[in-house]
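Structure data follow from model02.cif (mmCIF, C-alpha atoms):
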data_protein
#
loop_
_atom_site.label_atom_id
_atom_site.label_comp_id
_atom_site.auth_asym_id
_atom_site.auth_seq_id
_atom_site.Cartn_x
_atom_site.Cartn_y
_atom_site.Cartn_z
CA MET A 22 -14.62 -7.66 -0.99
CA SER A 23 -15.05 -6.00 2.36
CA THR A 24 -13.32 -3.56 4.64
CA GLY A 25 -13.22 -3.92 8.39
CA THR A 26 -14.46 -6.90 10.34
CA ASN A 27 -16.65 -7.71 13.27
CA GLY A 28 -18.31 -10.73 14.78
CA ASP A 29 -21.71 -10.01 13.23
CA SER A 30 -20.62 -9.67 9.62
CA VAL A 31 -21.25 -12.16 6.85
CA PRO A 32 -18.72 -12.27 4.00
CA PRO A 33 -20.02 -11.08 0.62
CA ALA A 34 -20.73 -13.75 -1.99
CA ASN A 35 -17.45 -13.12 -3.81
CA CYS A 36 -15.35 -13.49 -0.65
CA VAL A 37 -13.65 -16.66 0.57
CA ASP A 38 -15.74 -17.96 3.46
CA LEU A 39 -13.16 -18.47 6.19
CA ASP A 40 -15.52 -20.25 8.55
CA LYS A 41 -19.16 -19.31 9.02
CA ASN A 42 -18.93 -20.00 12.74
CA SER A 43 -15.70 -18.06 13.31
CA PRO A 44 -16.01 -14.41 14.31
CA ARG A 45 -14.36 -11.79 12.16
CA ILE A 46 -12.51 -9.50 14.50
CA THR A 47 -9.86 -6.83 14.40
CA LEU A 48 -8.39 -5.24 17.49
CA ASN A 49 -6.45 -2.07 18.20
CA VAL A 50 -4.42 -3.25 21.19
CA ASN A 51 -2.71 0.10 21.95
CA GLY A 52 0.59 -1.57 22.86
CA LEU A 53 1.58 -5.12 23.78
CA ASN A 54 4.87 -4.56 25.55
CA ALA A 55 3.42 -5.27 29.01
CA LEU A 56 3.26 -8.98 29.86
CA ALA A 57 -0.12 -8.64 31.59
CA LYS A 58 -1.64 -7.00 28.51
CA ARG A 59 -0.22 -9.63 26.15
CA HIS A 60 -1.73 -12.29 28.39
CA ARG A 61 -5.16 -10.57 28.40
CA VAL A 62 -5.12 -10.19 24.61
CA SER A 63 -4.00 -13.80 24.16
CA GLU A 64 -6.82 -15.07 26.40
CA TRP A 65 -9.36 -12.88 24.59
CA ILE A 66 -8.26 -14.22 21.18
CA LYS A 67 -8.48 -17.81 22.44
CA LYS A 68 -11.97 -17.14 23.81
CA LYS A 69 -13.27 -15.52 20.60
CA ASP A 70 -11.48 -18.10 18.40
CA PRO A 71 -11.27 -16.19 15.10
CA SER A 72 -9.77 -17.78 11.98
CA ILE A 73 -7.81 -14.61 11.31
CA CYS A 74 -7.11 -11.87 13.85
CA PRO A 75 -5.57 -8.57 12.69
CA LEU A 76 -4.04 -6.45 15.48
CA GLN A 77 -3.07 -2.79 15.27
CA GLU A 78 -0.80 -0.63 17.42
CA THR A 79 1.27 -3.52 18.75
CA HIS A 80 4.08 -1.03 19.55
CA PHE A 81 6.69 -3.73 18.95
CA ARG A 82 10.14 -3.05 17.63
CA PRO A 83 11.50 -5.72 15.23
CA GLU A 84 13.38 -7.47 18.03
CA ASP A 85 10.22 -7.67 20.22
CA THR A 86 7.84 -9.59 17.94
CA PHE A 87 8.71 -12.96 19.50
CA ARG A 88 6.86 -11.81 22.64
CA LEU A 89 3.43 -12.20 21.05
CA ARG A 90 2.40 -15.82 21.44
CA VAL A 91 -1.10 -17.21 21.34
CA ARG A 92 -1.63 -20.94 21.65
CA GLY A 93 -3.48 -22.08 18.53
CA TRP A 94 -2.21 -19.16 16.42
CA ARG A 95 1.42 -20.03 15.68
CA ILE A 96 1.47 -18.15 12.38
CA ILE A 97 1.86 -14.41 12.96
CA TYR A 98 2.89 -11.85 10.34
CA HIS A 99 4.24 -8.61 11.81
CA ALA A 100 5.14 -5.19 10.47
CA THR A 101 7.04 -3.02 12.92
CA GLY A 102 8.52 0.43 12.93
CA SER A 103 11.74 1.61 14.50
CA GLN A 104 9.80 3.31 17.29
CA LYS A 105 7.16 1.92 19.63
CA ASN A 106 4.17 3.84 18.26
CA THR A 107 2.93 1.70 15.36
CA GLY A 108 3.00 -1.97 14.47
CA VAL A 109 0.48 -4.41 13.07
CA ALA A 110 0.16 -8.17 13.16
CA ILE A 111 -2.03 -10.75 11.45
CA LEU A 112 -2.60 -13.95 13.42
CA ILE A 113 -3.71 -17.04 11.50
CA SER A 114 -5.41 -19.85 13.40
CA ASP A 115 -3.74 -23.26 13.32
CA LYS A 116 -7.20 -24.60 12.35
CA LEU A 117 -7.11 -22.68 9.06
CA ASP A 118 -5.40 -24.29 6.07
CA PHE A 119 -3.74 -21.06 4.91
CA GLN A 120 -0.99 -21.41 2.31
CA LEU A 121 1.18 -18.28 2.19
CA LYS A 122 2.34 -16.93 -1.16
CA ALA A 123 3.66 -13.47 -0.29
CA VAL A 124 4.08 -11.00 2.57
CA THR A 125 4.53 -7.25 2.19
CA ARG A 126 5.48 -5.28 5.29
CA ASP A 127 5.58 -1.53 5.72
CA GLU A 128 8.95 -0.37 7.09
CA GLU A 129 7.16 2.07 9.41
CA GLY A 130 4.81 -0.60 10.78
CA HIS A 131 1.58 0.81 9.34
CA TYR A 132 0.48 -2.22 7.31
CA THR A 133 1.05 -5.87 6.52
CA ILE A 134 -0.30 -7.50 3.38
CA ILE A 135 -0.43 -11.27 3.11
CA THR A 136 -1.47 -13.16 0.02
CA GLY A 137 -2.18 -16.83 0.02
CA SER A 138 -4.89 -19.39 -0.40
CA ILE A 139 -7.45 -21.26 1.64
CA HIS A 140 -8.77 -24.45 -0.01
CA GLN A 141 -7.27 -23.32 -3.37
CA GLU A 142 -9.11 -19.96 -3.17
CA GLU A 143 -6.77 -16.98 -3.35
CA LEU A 144 -7.09 -14.47 -0.53
CA THR A 145 -5.33 -11.21 0.29
CA ILE A 146 -5.51 -9.72 3.77
CA ILE A 147 -4.44 -6.14 4.36
CA ASN A 148 -4.09 -5.05 7.97
CA VAL A 149 -3.60 -1.30 8.30
CA TYR A 150 -2.98 1.10 11.14
CA ALA A 151 -3.25 4.48 9.44
CA PRO A 152 -1.19 7.41 10.70
CA ASN A 153 -3.10 9.84 12.91
CA THR A 154 -2.57 12.67 10.43
CA ARG A 155 -3.75 12.53 6.82
CA ALA A 156 -5.26 9.07 7.37
CA PRO A 157 -7.78 9.20 4.46
CA LYS A 158 -5.05 10.13 1.96
CA TYR A 159 -2.76 7.42 3.35
CA ILE A 160 -5.40 4.69 3.02
CA LYS A 161 -6.47 5.83 -0.44
CA GLN A 162 -2.85 5.76 -1.61
CA LEU A 163 -2.28 2.34 -0.03
CA ILE A 164 -5.22 0.68 -1.76
CA THR A 165 -4.84 2.42 -5.12
CA ASN A 166 -1.13 1.49 -5.24
CA ARG A 167 -2.20 -2.14 -4.77
CA ASN A 168 -4.96 -2.06 -7.35
CA ASN A 169 -3.54 -5.22 -8.96
CA ILE A 170 -4.70 -7.32 -5.99
CA MET A 171 -8.12 -5.70 -5.68
CA ASP A 172 -9.71 -7.99 -8.30
CA LYS A 173 -9.21 -10.98 -6.01
CA ASN A 174 -10.73 -11.91 -2.65
CA VAL A 175 -9.53 -9.08 -0.43
CA VAL A 176 -10.16 -8.29 3.22
CA ILE A 177 -8.95 -4.92 4.49
CA ALA A 178 -9.00 -4.72 8.26
CA GLY A 179 -7.61 -2.33 10.79
CA ASP A 180 -7.71 1.09 12.34
CA PHE A 181 -8.28 3.71 9.66
CA ASN A 182 -8.00 6.55 12.20
CA THR A 183 -10.78 8.37 10.38
CA PRO A 184 -14.57 8.21 10.48
CA LEU A 185 -15.85 6.95 7.14
CA THR A 186 -19.46 7.98 7.78
CA GLU A 187 -21.36 10.49 9.87
CA MET A 188 -22.42 7.60 12.12
CA ASP A 189 -18.76 6.75 12.85
CA ARG A 190 -17.75 10.23 13.93
CA SER A 191 -17.97 11.99 17.25
CA SER A 192 -19.61 15.40 17.37
CA ARG A 193 -16.26 17.17 17.09
CA HIS A 194 -15.12 15.38 13.91
CA THR A 195 -16.50 15.91 10.45
CA VAL A 196 -16.34 13.82 7.32
CA ASN A 197 -13.98 16.02 5.32
CA LYS A 198 -13.07 16.26 1.63
CA ASP A 199 -10.28 13.66 1.92
CA THR A 200 -12.59 11.19 3.63
CA ARG A 201 -15.23 11.71 0.94
CA ALA A 202 -12.55 11.04 -1.71
CA LEU A 203 -11.54 7.86 0.14
CA ASN A 204 -15.18 6.74 0.27
CA ASP A 205 -15.50 7.39 -3.48
CA THR A 206 -12.41 5.23 -4.09
CA LEU A 207 -13.79 2.45 -1.86
CA ASP A 208 -17.10 2.60 -3.79
CA GLN A 209 -15.31 2.47 -7.16
CA MET A 210 -13.35 -0.60 -6.02
CA ASP A 211 -16.56 -2.21 -4.72
CA LEU A 212 -15.22 -2.32 -1.15
CA LYS A 213 -17.75 -2.22 1.67
CA ASP A 214 -17.32 -0.97 5.24
CA ILE A 215 -18.85 -3.53 7.59
#
If you convert what's in this file into structure tokens, what do you get?
Amino acid sequence: MSTGTNGDSVPPANCVDLDKNSPRITLNVNGLNALAKRHRVSEWIKKKDPSICPLQETHFRPEDTFRLRVRGWRIIYHATGSQKNTGVAILISDKLDFQLKAVTRDEEGHYTIITGSIHQEELTIINVYAPNTRAPKYIKQLITNRNNIMDKNVVIAGDFNTPLTEMDRSSRHTVNKDTRALNDTLDQMDLKDI
């Protein structure tokens, strides 16, 4: 199981291998309401060609989600809030044989959880955009409340809005008690930050 994604990572042995040649990416888009920005993000996704592409901070309201279209990624699972300050989406490539079993969406647009299978291997993808305040507590609560899915192949991607290590922080941020507790929980669940 692994948290986060990037193009250089290799899935752990117990993780479904989506496609060894496909980059693992997640992107905080900081709003997709402008047509020009949606076009730039769409072109970037097509160029990078990931199997799965989690997006955070889409800033869509429920009635706006139809605006996000990427050729080759027709399957998109959104979670939106009532205001334009959150929102997440998980894009699934048309090339991937993903069979959906369940979708869980946060009413405030902070996370989407999809469960399904790829080549008969179960997979759960959690895309999270943590609130700016109390982010470590929010994430810890989210993953501990879903402990029943953590024994399967799980990918947690997104914007945690908190530095998990000293290396991730700027000089003005510290790894506080709540972040240390989150890291302890991630360690206990055998989740790795990559």
Q.
For this structure, which residues satisfy the selection - the PyMOL selection byres ((chain A and resi 97) around 7) - when it is evaluated on the file as given? I want them as a list in words.
A.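 On the file shown, the PyMOL selection byres ((chain A and resi 97) around 7) covers Arg95, Ile96, Tyr98, His99, Ala110, Ile111, Leu112 and Ile113 of chain A.
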Q: Could you tell me how far atom CA of Arg92 of chain A lies from atom CA of Gln104 of chain A, in Å and to one decimal?
A: 27.2 Å
Give me, as a tab-separated table (two decimals) with C-alpha atoms, keeping the file's coordinate frame, all polymer residues having an atom no more than 9 Å from Lys116 of chain A, counting all atoms listed in the file and skipping those fewer than 3 positions away in the same chain.
chain	number	residue	atom	x	y	z
A	72	SER	CA	-9.77	-17.78	11.98
A	93	GLY	CA	-3.48	-22.08	18.53
A	94	TRP	CA	-2.21	-19.16	16.42
A	113	ILE	CA	-3.71	-17.04	11.50
A	119	PHE	CA	-3.74	-21.06	4.91
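The result of the PyMOL selection byres ((chain A and resi 122) around 7) on the shown file is Gln120, Leu121, Ala123, Thr136 and Gly137 of chain A.
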With only C-alpha atoms as the counted atoms, please give the residues lying no more than 12 Å from Arg82 of chain A, apart from itself and same-chain residues fewer than 2 positions off, as a PDB file with C-alpha atoms, in the frame of the given file.
ATOM      1  CA  GLY A  52       0.590  -1.570  22.860  1.00  0.00           C
ATOM      2  CA  LEU A  53       1.580  -5.120  23.780  1.00  0.00           C
ATOM      3  CA  ASN A  54       4.870  -4.560  25.550  1.00  0.00           C
ATOM      4  CA  GLU A  78      -0.800  -0.630  17.420  1.00  0.00           C
ATOM      5  CA  THR A  79       1.270  -3.520  18.750  1.00  0.00           C
ATOM      6  CA  HIS A  80       4.080  -1.030  19.550  1.00  0.00           C
ATOM      7  CA  GLU A  84      13.380  -7.470  18.030  1.00  0.00           C
ATOM      8  CA  ASP A  85      10.220  -7.670  20.220  1.00  0.00           C
ATOM      9  CA  THR A  86       7.840  -9.590  17.940  1.00  0.00           C
ATOM     10  CA  PHE A  87       8.710 -12.960  19.500  1.00  0.00           C
ATOM     11  CA  ARG A  88       6.860 -11.810  22.640  1.00  0.00           C
ATOM     12  CA  LEU A  89       3.430 -12.200  21.050  1.00  0.00           C
ATOM     13  CA  HIS A  99       4.240  -8.610  11.810  1.00  0.00           C
ATOM     14  CA  ALA A 100       5.140  -5.190  10.470  1.00  0.00           C
ATOM     15  CA  THR A 101       7.040  -3.020  12.920  1.00  0.00           C
ATOM     16  CA  GLY A 102       8.520   0.430  12.930  1.00  0.00           C
ATOM     17  CA  SER A 103      11.740   1.610  14.500  1.00  0.00           C
ATOM     18  CA  GLN A 104       9.800   3.310  17.290  1.00  0.00           C
ATOM     19  CA  LYS A 105       7.160   1.920  19.630  1.00  0.00           C
ATOM     20  CA  ASN A 106       4.170   3.840  18.260  1.00  0.00           C
ATOM     21  CA  THR A 107       2.930   1.700  15.360  1.00  0.00           C
ATOM     22  CA  GLY A 108       3.000  -1.970  14.470  1.00  0.00           C
ATOM     23  CA  VAL A 109       0.480  -4.410  13.070  1.00  0.00           C
ATOM     24  CA  GLU A 128       8.950  -0.370   7.090  1.00  0.00           C
ATOM     25  CA  GLU A 129       7.160   2.070   9.410  1.00  0.00           C
ATOM     26  CA  GLY A 130       4.810  -0.600  10.780  1.00  0.00           C
TER      27      GLY A 130
END
(Q) Around (-13.8, 15.8, 3.8), as given in the file, which residues come within 8 Å? Count only C-alpha atoms and list them as a VMD selection string. (A) chain A and resid 195 to 202
Residues matched by the PyMOL selection byres ((chain A and resi 162-168) around 10), written as a JSON list (two decimals) with C-alpha atoms, keeping the file's coordinate frame:
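Just written: out.json:
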[["chain", "number", "residue", "atom", "x", "y", "z"],
["A", 132, "TYR", "CA", 0.48, -2.22, 7.31],
["A", 134, "ILE", "CA", -0.30, -7.50, 3.38],
["A", 147, "ILE", "CA", -4.44, -6.14, 4.36],
["A", 149, "VAL", "CA", -3.60, -1.30, 8.30],
["A", 151, "ALA", "CA", -3.25, 4.48, 9.44],
["A", 156, "ALA", "CA", -5.26, 9.07, 7.37],
["A", 157, "PRO", "CA", -7.78, 9.20, 4.46],
["A", 158, "LYS", "CA", -5.05, 10.13, 1.96],
["A", 159, "TYR", "CA", -2.76, 7.42, 3.35],
["A", 160, "ILE", "CA", -5.40, 4.69, 3.02],
["A", 161, "LYS", "CA", -6.47, 5.83, -0.44],
["A", 169, "ASN", "CA", -3.54, -5.22, -8.96],
["A", 170, "ILE", "CA", -4.70, -7.32, -5.99],
["A", 171, "MET", "CA", -8.12, -5.70, -5.68],
["A", 172, "ASP", "CA", -9.71, -7.99, -8.30],
["A", 173, "LYS", "CA", -9.21, -10.98, -6.01],
["A", 177, "ILE", "CA", -8.95, -4.92, 4.49],
["A", 203, "LEU", "CA", -11.54, 7.86, 0.14],
["A", 206, "THR", "CA", -12.41, 5.23, -4.09],
["A", 207, "LEU", "CA", -13.79, 2.45, -1.86],
["A", 210, "MET", "CA", -13.35, -0.60, -6.02]]
Q: Rounded to one decimal place, report the atom CA of Ile46 of chain A-atom CA of Lys213 of chain A distance in Å.
A: 15.7 Å
Q) Can you tell me how far atom CA of Gln77 of chain A sits from atom CA of Asn49 of chain A, in Å to one decimal? A)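 Here the two named atoms are 4.5 Å from each other.
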Grab segment 70-205 of chain A from that structure and dump C-alpha atoms to a file, as a PDB file, in the first residue's frame.
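Final output, part_28.pdb:
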ATOM      1  CA  ASP A  70      -0.769   9.542 -20.090  1.00  0.00           C
ATOM      2  CA  PRO A  71      -1.344   8.167 -16.564  1.00  0.00           C
ATOM      3  CA  SER A  72      -3.613   5.169 -15.960  1.00  0.00           C
ATOM      4  CA  ILE A  73      -5.221   6.978 -13.044  1.00  0.00           C
ATOM      5  CA  CYS A  74      -5.048  10.723 -12.409  1.00  0.00           C
ATOM      6  CA  PRO A  75      -6.325  12.135  -9.098  1.00  0.00           C
ATOM      7  CA  LEU A  76      -7.002  15.896  -9.114  1.00  0.00           C
ATOM      8  CA  GLN A  77      -7.488  18.122  -6.081  1.00  0.00           C
ATOM      9  CA  GLU A  78      -9.001  21.587  -5.681  1.00  0.00           C
ATOM     10  CA  THR A  79     -11.144  21.393  -8.806  1.00  0.00           C
ATOM     11  CA  HIS A  80     -13.398  24.133  -7.333  1.00  0.00           C
ATOM     12  CA  PHE A  81     -16.406  22.680  -9.145  1.00  0.00           C
ATOM     13  CA  ARG A  82     -19.927  22.861  -7.829  1.00  0.00           C
ATOM     14  CA  PRO A  83     -22.060  19.747  -8.511  1.00  0.00           C
ATOM     15  CA  GLU A  84     -23.595  21.315 -11.615  1.00  0.00           C
ATOM     16  CA  ASP A  85     -20.128  22.151 -13.068  1.00  0.00           C
ATOM     17  CA  THR A  86     -18.511  18.704 -13.205  1.00  0.00           C
ATOM     18  CA  PHE A  87     -19.511  18.125 -16.832  1.00  0.00           C
ATOM     19  CA  ARG A  88     -16.955  20.798 -17.807  1.00  0.00           C
ATOM     20  CA  LEU A  89     -13.982  18.538 -17.123  1.00  0.00           C
ATOM     21  CA  ARG A  90     -13.392  16.463 -20.229  1.00  0.00           C
ATOM     22  CA  VAL A  91     -10.195  14.747 -21.245  1.00  0.00           C
ATOM     23  CA  ARG A  92     -10.115  12.662 -24.399  1.00  0.00           C
ATOM     24  CA  GLY A  93      -9.060   9.149 -23.397  1.00  0.00           C
ATOM     25  CA  TRP A  94     -10.310   9.543 -19.803  1.00  0.00           C
ATOM     26  CA  ARG A  95     -14.090   9.301 -20.078  1.00  0.00           C
ATOM     27  CA  ILE A  96     -14.521   7.868 -16.589  1.00  0.00           C
ATOM     28  CA  ILE A  97     -14.284  10.617 -13.964  1.00  0.00           C
ATOM     29  CA  TYR A  98     -15.440  10.346 -10.351  1.00  0.00           C
ATOM     30  CA  HIS A  99     -16.034  13.709  -8.674  1.00  0.00           C
ATOM     31  CA  ALA A 100     -16.706  14.911  -5.150  1.00  0.00           C
ATOM     32  CA  THR A 101     -17.805  18.519  -4.922  1.00  0.00           C
ATOM     33  CA  GLY A 102     -18.774  20.911  -2.194  1.00  0.00           C
ATOM     34  CA  SER A 103     -21.447  23.568  -2.241  1.00  0.00           C
ATOM     35  CA  GLN A 104     -18.808  26.280  -2.560  1.00  0.00           C
ATOM     36  CA  LYS A 105     -15.976  26.655  -5.061  1.00  0.00           C
ATOM     37  CA  ASN A 106     -13.078  26.035  -2.675  1.00  0.00           C
ATOM     38  CA  THR A 107     -12.706  22.242  -2.612  1.00  0.00           C
ATOM     39  CA  GLY A 108     -13.433  19.399  -4.994  1.00  0.00           C
ATOM     40  CA  VAL A 109     -11.581  16.293  -6.061  1.00  0.00           C
ATOM     41  CA  ALA A 110     -11.755  14.066  -9.113  1.00  0.00           C
ATOM     42  CA  ILE A 111     -10.296  10.712 -10.112  1.00  0.00           C
ATOM     43  CA  LEU A 112      -9.802  10.210 -13.843  1.00  0.00           C
ATOM     44  CA  ILE A 113      -9.496   6.644 -15.123  1.00  0.00           C
ATOM     45  CA  SER A 114      -7.855   6.053 -18.502  1.00  0.00           C
ATOM     46  CA  ASP A 115      -9.952   4.368 -21.179  1.00  0.00           C
ATOM     47  CA  LYS A 116      -6.957   2.022 -21.632  1.00  0.00           C
ATOM     48  CA  LEU A 117      -7.410   0.635 -18.111  1.00  0.00           C
ATOM     49  CA  ASP A 118      -9.852  -2.228 -17.591  1.00  0.00           C
ATOM     50  CA  PHE A 119     -11.253  -0.828 -14.331  1.00  0.00           C
ATOM     51  CA  GLN A 120     -14.475  -2.410 -13.062  1.00  0.00           C
ATOM     52  CA  LEU A 121     -16.188  -0.145 -10.514  1.00  0.00           C
ATOM     53  CA  LYS A 122     -17.774  -1.673  -7.422  1.00  0.00           C
ATOM     54  CA  ALA A 123     -18.425   1.355  -5.202  1.00  0.00           C
ATOM     55  CA  VAL A 124     -17.959   5.125  -4.982  1.00  0.00           C
ATOM     56  CA  THR A 125     -17.960   7.155  -1.767  1.00  0.00           C
ATOM     57  CA  ARG A 126     -18.031  10.931  -2.089  1.00  0.00           C
ATOM     58  CA  ASP A 127     -17.552  13.495   0.635  1.00  0.00           C
ATOM     59  CA  GLU A 128     -20.410  16.032   0.700  1.00  0.00           C
ATOM     60  CA  GLU A 129     -17.897  18.842   1.247  1.00  0.00           C
ATOM     61  CA  GLY A 130     -15.711  17.783  -1.686  1.00  0.00           C
ATOM     62  CA  HIS A 131     -12.655  16.753   0.339  1.00  0.00           C
ATOM     63  CA  TYR A 132     -12.381  13.140  -0.836  1.00  0.00           C
ATOM     64  CA  THR A 133     -13.569  10.497  -3.262  1.00  0.00           C
ATOM     65  CA  ILE A 134     -13.071   6.803  -2.646  1.00  0.00           C
ATOM     66  CA  ILE A 135     -13.507   4.337  -5.483  1.00  0.00           C
ATOM     67  CA  THR A 136     -13.334   0.587  -5.108  1.00  0.00           C
ATOM     68  CA  GLY A 137     -13.140  -1.746  -8.022  1.00  0.00           C
ATOM     69  CA  SER A 138     -10.919  -4.214  -9.777  1.00  0.00           C
ATOM     70  CA  ILE A 139      -8.300  -4.338 -12.482  1.00  0.00           C
ATOM     71  CA  HIS A 140      -7.758  -7.800 -14.008  1.00  0.00           C
ATOM     72  CA  GLN A 141      -9.697  -9.380 -11.085  1.00  0.00           C
ATOM     73  CA  GLU A 142      -7.423  -7.677  -8.517  1.00  0.00           C
ATOM     74  CA  GLU A 143      -9.327  -5.506  -6.051  1.00  0.00           C
ATOM     75  CA  LEU A 144      -8.151  -1.920  -5.761  1.00  0.00           C
ATOM     76  CA  THR A 145      -9.272   1.051  -3.679  1.00  0.00           C
ATOM     77  CA  ILE A 146      -8.228   4.578  -4.601  1.00  0.00           C
ATOM     78  CA  ILE A 147      -8.678   7.397  -2.118  1.00  0.00           C
ATOM     79  CA  ASN A 148      -8.182  10.916  -3.446  1.00  0.00           C
ATOM     80  CA  VAL A 149      -8.100  13.493  -0.668  1.00  0.00           C
ATOM     81  CA  TYR A 150      -7.838  17.250  -0.480  1.00  0.00           C
ATOM     82  CA  ALA A 151      -7.450  17.868   3.236  1.00  0.00           C
ATOM     83  CA  PRO A 152      -8.821  21.061   4.788  1.00  0.00           C
ATOM     84  CA  ASN A 153      -6.218  23.755   5.401  1.00  0.00           C
ATOM     85  CA  THR A 154      -6.825  23.638   9.150  1.00  0.00           C
ATOM     86  CA  ARG A 155      -6.380  20.484  11.232  1.00  0.00           C
ATOM     87  CA  ALA A 156      -5.264  18.518   8.165  1.00  0.00           C
ATOM     88  CA  PRO A 157      -3.352  15.765  10.047  1.00  0.00           C
ATOM     89  CA  LYS A 158      -6.361  15.015  12.278  1.00  0.00           C
ATOM     90  CA  TYR A 159      -8.685  15.024   9.259  1.00  0.00           C
ATOM     91  CA  ILE A 160      -6.542  12.539   7.312  1.00  0.00           C
ATOM     92  CA  LYS A 161      -6.012  10.289  10.329  1.00  0.00           C
ATOM     93  CA  GLN A 162      -9.759  10.185  10.951  1.00  0.00           C
ATOM     94  CA  LEU A 163     -10.475   9.519   7.263  1.00  0.00           C
ATOM     95  CA  ILE A 164      -8.164   6.521   7.015  1.00  0.00           C
ATOM     96  CA  THR A 165      -8.944   5.038  10.430  1.00  0.00           C
ATOM     97  CA  ASN A 166     -12.693   5.257   9.736  1.00  0.00           C
ATOM     98  CA  ARG A 167     -12.053   3.227   6.567  1.00  0.00           C
ATOM     99  CA  ASN A 168      -9.848   0.638   8.220  1.00  0.00           C
ATOM    100  CA  ASN A 169     -11.959  -2.147   6.669  1.00  0.00           C
ATOM    101  CA  ILE A 170     -10.546  -1.355   3.211  1.00  0.00           C
ATOM    102  CA  MET A 171      -6.951  -0.958   4.340  1.00  0.00           C
ATOM    103  CA  ASP A 172      -6.200  -4.698   4.118  1.00  0.00           C
ATOM    104  CA  LYS A 173      -6.654  -4.581   0.344  1.00  0.00           C
ATOM    105  CA  ASN A 174      -4.663  -2.888  -2.411  1.00  0.00           C
ATOM    106  CA  VAL A 175      -5.037   0.778  -1.516  1.00  0.00           C
ATOM    107  CA  VAL A 176      -3.625   3.918  -3.090  1.00  0.00           C
ATOM    108  CA  ILE A 177      -4.102   7.168  -1.190  1.00  0.00           C
ATOM    109  CA  ALA A 178      -3.310  10.194  -3.318  1.00  0.00           C
ATOM    110  CA  GLY A 179      -3.867  13.878  -2.957  1.00  0.00           C
ATOM    111  CA  ASP A 180      -3.011  17.069  -1.178  1.00  0.00           C
ATOM    112  CA  PHE A 181      -2.618  16.419   2.536  1.00  0.00           C
ATOM    113  CA  ASN A 182      -2.022  20.126   3.256  1.00  0.00           C
ATOM    114  CA  THR A 183       0.574  19.153   5.828  1.00  0.00           C
ATOM    115  CA  PRO A 184       4.258  18.257   5.670  1.00  0.00           C
ATOM    116  CA  LEU A 185       4.700  14.628   6.700  1.00  0.00           C
ATOM    117  CA  THR A 186       8.469  14.895   7.171  1.00  0.00           C
ATOM    118  CA  GLU A 187      11.059  17.549   7.915  1.00  0.00           C
ATOM    119  CA  MET A 188      12.124  17.334   4.263  1.00  0.00           C
ATOM    120  CA  ASP A 189       8.593  18.248   3.112  1.00  0.00           C
ATOM    121  CA  ARG A 190       8.275  21.368   5.216  1.00  0.00           C
ATOM    122  CA  SER A 191       9.359  24.923   4.607  1.00  0.00           C
ATOM    123  CA  SER A 192      11.435  26.656   7.261  1.00  0.00           C
ATOM    124  CA  ARG A 193       8.359  28.260   8.814  1.00  0.00           C
ATOM    125  CA  HIS A 194       6.408  25.008   9.297  1.00  0.00           C
ATOM    126  CA  THR A 195       7.162  22.329  11.828  1.00  0.00           C
ATOM    127  CA  VAL A 196       6.133  18.714  12.067  1.00  0.00           C
ATOM    128  CA  ASN A 197       3.753  19.024  15.006  1.00  0.00           C
ATOM    129  CA  LYS A 198       2.206  16.518  17.420  1.00  0.00           C
ATOM    130  CA  ASP A 199      -0.806  15.858  15.152  1.00  0.00           C
ATOM    131  CA  THR A 200       1.437  15.174  12.174  1.00  0.00           C
ATOM    132  CA  ARG A 201       3.566  12.797  14.238  1.00  0.00           C
ATOM    133  CA  ALA A 202       0.359  10.979  15.292  1.00  0.00           C
ATOM    134  CA  LEU A 203      -0.693  10.763  11.630  1.00  0.00           C
ATOM    135  CA  ASN A 204       2.719   9.352  10.688  1.00  0.00           C
ATOM    136  CA  ASP A 205       2.404   6.766  13.481  1.00  0.00           C
TER     137      ASP A 205
END
